[in-house]
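The structure appears below as structure tokens.
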Amino acid sequence: MPEAADLVLRPARAGDAAAIARVHRESWRTTYAGILPLEVIATLAGRKSEAVWMRRLALPPEQQATWIAERGGRLVGFANCGDARHRLEGLDAEIYALYVLQAEQRRGVGRELVRACARHFVRHGQFGFYLWVLKANRARMFYEAMGGQEIGEKTERLGLHSFSEIAYGWHDLASLVAPAAP
């Protein structure tokens with residue numbers, strides 16, 4: 001993808017916490033507008049703080065990894081991944097968070113972040129992963145295009161509201177870890 005050519009992916013460092021928190025909050029507001037009630041978005045987006053990200057980034061790399069995507073020296077997306085919190089269909093790894101600024105979507109950022117997580121999993125002896133996405137989130141089409149298969153569904157409560165989530169799983173990471181075609 002030509003637009004991915006100027007994209008830089010790298011492991012996050014402690015100094016990235018503020019920028020990650022900014023992208024997390026901004027992405028929450030744009031991604032979930034029209035899906036979640038405004039008061040839920042405002043409350044939960046506010047919890048995506050620099051302090052939270054400082055704690056996550058301090059975890060040992062064998063427990064989790066955070067990858068950031070930069071374009072022009074500016075953080076435009078990130079993914080946080082690690083061991084599965086629950087085993088679904090024998091999958092032992094999970095992408096906990098994947099957010100890309102709205103202006104950067106459909107430019108290869110999300111695809112490269114998923115690929116970075118898949119390579120991390122394989123390096124740590126994990127050959128399948130899953131992630132959860134709100135059922136009403138249009139990002140589901142992206143995960144399906146990336147080869148994810150629906151493997152589960154659950155209902156979560158956010159504030160006073162209940163929402164359905166879908167788990168997408170990848171049992172074979174070969175196509176995700178292979179070098180991208182020129």
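In the structure tokens, each chain is lettered A, B, ... as it comes, each chain's residues begin at 1, and ligands are numbered from 1 in order of appearance.
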**Message:** I need the residues of range 37-171 of chain A that end up classed as alpha helix (DSSP H) by DSSP on the backbone, written out as a ChimeraX atom specification.
**Reply:** /A:38-45,50-57,109-123,139-145
Store the residues picked out above, limited to C-alpha atoms, as a short mmCIF file (atom, residue, chain, number, x, y, z; two decimals), in the first residue's frame.
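And here is the file that came out, selection-v8.cif:
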data_model
loop_
_atom_site.label_atom_id
_atom_site.label_comp_id
_atom_site.auth_asym_id
_atom_site.auth_seq_id
_atom_site.Cartn_x
_atom_site.Cartn_y
_atom_site.Cartn_z
CA LEU A 38 -22.23 10.59 24.77
CA GLU A 39 -21.98 10.40 28.57
CA VAL A 40 -20.38 6.94 28.33
CA ILE A 41 -17.89 8.17 25.74
CA ALA A 42 -17.01 11.23 27.82
CA THR A 43 -16.57 9.23 31.03
CA LEU A 44 -14.60 6.35 29.56
CA ALA A 45 -12.50 8.44 27.18
CA GLU A 50 -1.09 9.22 30.44
CA ALA A 51 -0.73 7.61 33.91
CA VAL A 52 -2.61 4.50 32.74
CA TRP A 53 -0.33 4.22 29.72
CA MET A 54 2.80 4.78 31.82
CA ARG A 55 1.79 1.74 33.92
CA ARG A 56 1.08 -0.38 30.84
CA LEU A 57 4.36 0.55 29.20
CA VAL A 109 -2.01 2.01 9.65
CA GLY A 110 -4.36 -0.53 11.25
CA ARG A 111 -3.14 -3.31 8.96
CA GLU A 112 0.49 -2.68 9.88
CA LEU A 113 -0.32 -2.55 13.60
CA VAL A 114 -2.13 -5.91 13.41
CA ARG A 115 0.86 -7.35 11.54
CA ALA A 116 3.26 -6.01 14.21
CA CYS A 117 1.20 -7.71 16.93
CA ALA A 118 1.10 -10.96 14.95
CA ARG A 119 4.91 -10.91 14.58
CA HIS A 120 5.21 -10.23 18.35
CA PHE A 121 2.99 -13.24 19.08
CA VAL A 122 4.99 -15.57 16.82
CA ARG A 123 8.29 -14.41 18.39
CA ALA A 139 -14.25 -1.72 12.16
CA ARG A 140 -15.68 -5.24 12.00
CA MET A 141 -15.36 -5.05 8.21
CA PHE A 142 -11.64 -4.28 8.61
CA TYR A 143 -11.08 -7.30 10.86
CA GLU A 144 -12.98 -9.54 8.43
CA ALA A 145 -10.87 -8.22 5.53
#
Would you list, as a PDB file with C-alpha atoms, in the first residue's frame, the residues of chain A that end up in strand (DSSP E or B) under DSSP run on this structure's backbone?
ATOM      1  CA  LEU A   7       4.617   5.018   8.073  1.00  0.00           C
ATOM      2  CA  VAL A   8       7.050   4.180  10.887  1.00  0.00           C
ATOM      3  CA  LEU A   9       6.163   1.382  13.322  1.00  0.00           C
ATOM      4  CA  ARG A  10       8.125   0.865  16.502  1.00  0.00           C
ATOM      5  CA  PRO A  11       7.735  -0.423  20.059  1.00  0.00           C
ATOM      6  CA  ALA A  33     -19.867   8.482  18.371  1.00  0.00           C
ATOM      7  CA  LEU A  36     -22.286   4.631  22.598  1.00  0.00           C
ATOM      8  CA  GLN A  64       2.542  -7.335  26.714  1.00  0.00           C
ATOM      9  CA  ALA A  65       3.698  -5.073  23.905  1.00  0.00           C
ATOM     10  CA  THR A  66       2.548  -1.731  22.593  1.00  0.00           C
ATOM     11  CA  TRP A  67       3.313  -0.776  19.016  1.00  0.00           C
ATOM     12  CA  ILE A  68       2.965   2.745  17.750  1.00  0.00           C
ATOM     13  CA  ALA A  69       2.561   4.049  14.224  1.00  0.00           C
ATOM     14  CA  GLU A  70       3.996   7.434  13.337  1.00  0.00           C
ATOM     15  CA  ARG A  71       3.662   9.502  10.223  1.00  0.00           C
ATOM     16  CA  ARG A  74       3.426  12.264  14.860  1.00  0.00           C
ATOM     17  CA  LEU A  75       1.769   9.310  16.573  1.00  0.00           C
ATOM     18  CA  VAL A  76      -1.284   8.337  14.463  1.00  0.00           C
ATOM     19  CA  GLY A  77      -2.190   4.922  15.907  1.00  0.00           C
ATOM     20  CA  PHE A  78      -1.235   2.208  18.360  1.00  0.00           C
ATOM     21  CA  ALA A  79      -1.911  -1.395  19.294  1.00  0.00           C
ATOM     22  CA  ASN A  80      -1.512  -3.045  22.691  1.00  0.00           C
ATOM     23  CA  CYS A  81      -1.270  -6.851  22.802  1.00  0.00           C
ATOM     24  CA  GLY A  82      -0.184  -9.782  24.921  1.00  0.00           C
ATOM     25  CA  ASP A  83      -1.313 -13.010  26.533  1.00  0.00           C
ATOM     26  CA  ALA A  84      -5.013 -13.781  26.183  1.00  0.00           C
ATOM     27  CA  ARG A  85      -7.053 -12.759  29.201  1.00  0.00           C
ATOM     28  CA  HIS A  86      -9.368 -15.716  28.479  1.00  0.00           C
ATOM     29  CA  ARG A  87      -8.804 -18.643  26.171  1.00  0.00           C
ATOM     30  CA  LEU A  88     -11.158 -18.720  23.213  1.00  0.00           C
ATOM     31  CA  LEU A  91      -6.057 -18.994  21.162  1.00  0.00           C
ATOM     32  CA  ASP A  92      -3.449 -17.841  23.653  1.00  0.00           C
ATOM     33  CA  ALA A  93      -2.852 -14.216  22.588  1.00  0.00           C
ATOM     34  CA  GLU A  94      -5.013 -11.109  22.369  1.00  0.00           C
ATOM     35  CA  ILE A  95      -4.959  -7.609  20.945  1.00  0.00           C
ATOM     36  CA  TYR A  96      -6.340  -5.549  23.815  1.00  0.00           C
ATOM     37  CA  ALA A  97      -6.515  -2.195  22.029  1.00  0.00           C
ATOM     38  CA  LEU A  98      -6.090  -1.013  18.450  1.00  0.00           C
ATOM     39  CA  TYR A  99      -6.835   2.619  17.683  1.00  0.00           C
ATOM     40  CA  VAL A 100      -6.029   4.792  14.682  1.00  0.00           C
ATOM     41  CA  PHE A 129      -4.912 -14.499  18.681  1.00  0.00           C
ATOM     42  CA  TYR A 130      -8.251 -12.785  19.084  1.00  0.00           C
ATOM     43  CA  LEU A 131      -9.659  -9.354  19.797  1.00  0.00           C
ATOM     44  CA  TRP A 132     -13.019  -7.961  20.880  1.00  0.00           C
ATOM     45  CA  VAL A 133     -14.940  -5.280  18.983  1.00  0.00           C
ATOM     46  CA  LEU A 134     -18.335  -3.712  19.591  1.00  0.00           C
ATOM     47  CA  GLN A 149     -13.290 -15.098  11.902  1.00  0.00           C
ATOM     48  CA  GLU A 150     -16.126 -14.536  14.370  1.00  0.00           C
ATOM     49  CA  ILE A 151     -15.460 -16.864  17.308  1.00  0.00           C
ATOM     50  CA  GLY A 152     -17.539 -15.472  20.147  1.00  0.00           C
ATOM     51  CA  GLU A 153     -20.042 -12.932  21.358  1.00  0.00           C
ATOM     52  CA  LYS A 154     -20.694 -11.377  24.746  1.00  0.00           C
ATOM     53  CA  THR A 155     -22.583  -8.520  26.307  1.00  0.00           C
ATOM     54  CA  GLU A 156     -20.673  -5.858  28.235  1.00  0.00           C
ATOM     55  CA  ARG A 157     -22.001  -3.089  30.430  1.00  0.00           C
ATOM     56  CA  LEU A 158     -20.614   0.399  29.937  1.00  0.00           C
ATOM     57  CA  HIS A 161     -25.906   0.547  29.039  1.00  0.00           C
ATOM     58  CA  SER A 162     -25.373  -2.959  27.653  1.00  0.00           C
ATOM     59  CA  PHE A 163     -23.611  -3.546  24.345  1.00  0.00           C
ATOM     60  CA  SER A 164     -22.823  -6.635  22.314  1.00  0.00           C
ATOM     61  CA  GLU A 165     -19.229  -7.429  21.435  1.00  0.00           C
ATOM     62  CA  ILE A 166     -17.894  -9.869  18.864  1.00  0.00           C
ATOM     63  CA  ALA A 167     -14.591 -11.721  19.165  1.00  0.00           C
ATOM     64  CA  TYR A 168     -12.592 -12.143  15.973  1.00  0.00           C
ATOM     65  CA  GLY A 169      -9.951 -14.851  15.932  1.00  0.00           C
ATOM     66  CA  TRP A 170      -6.966 -15.728  13.799  1.00  0.00           C
TER      67      TRP A 170
END
**Message:** Rounded to one decimal, what separation in Å do you get between CA of Gln102 in chain A and CA of Thr30 in chain A?
**Reply:**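 Interatomic distance here is 6.9 Å.
Picture a line from CA of Ile35 in chain A to CA of Asn137 in chain A; it runs 7.2 Å.
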**Message:** If I take CA of Arg25 in chain A and CA of Leu101 in chain A, how far is one from the other in Å, to one decimal?
**Reply:**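 For CA of Arg25 in chain A relative to CA of Leu101 in chain A, the distance reads 9.8 Å.
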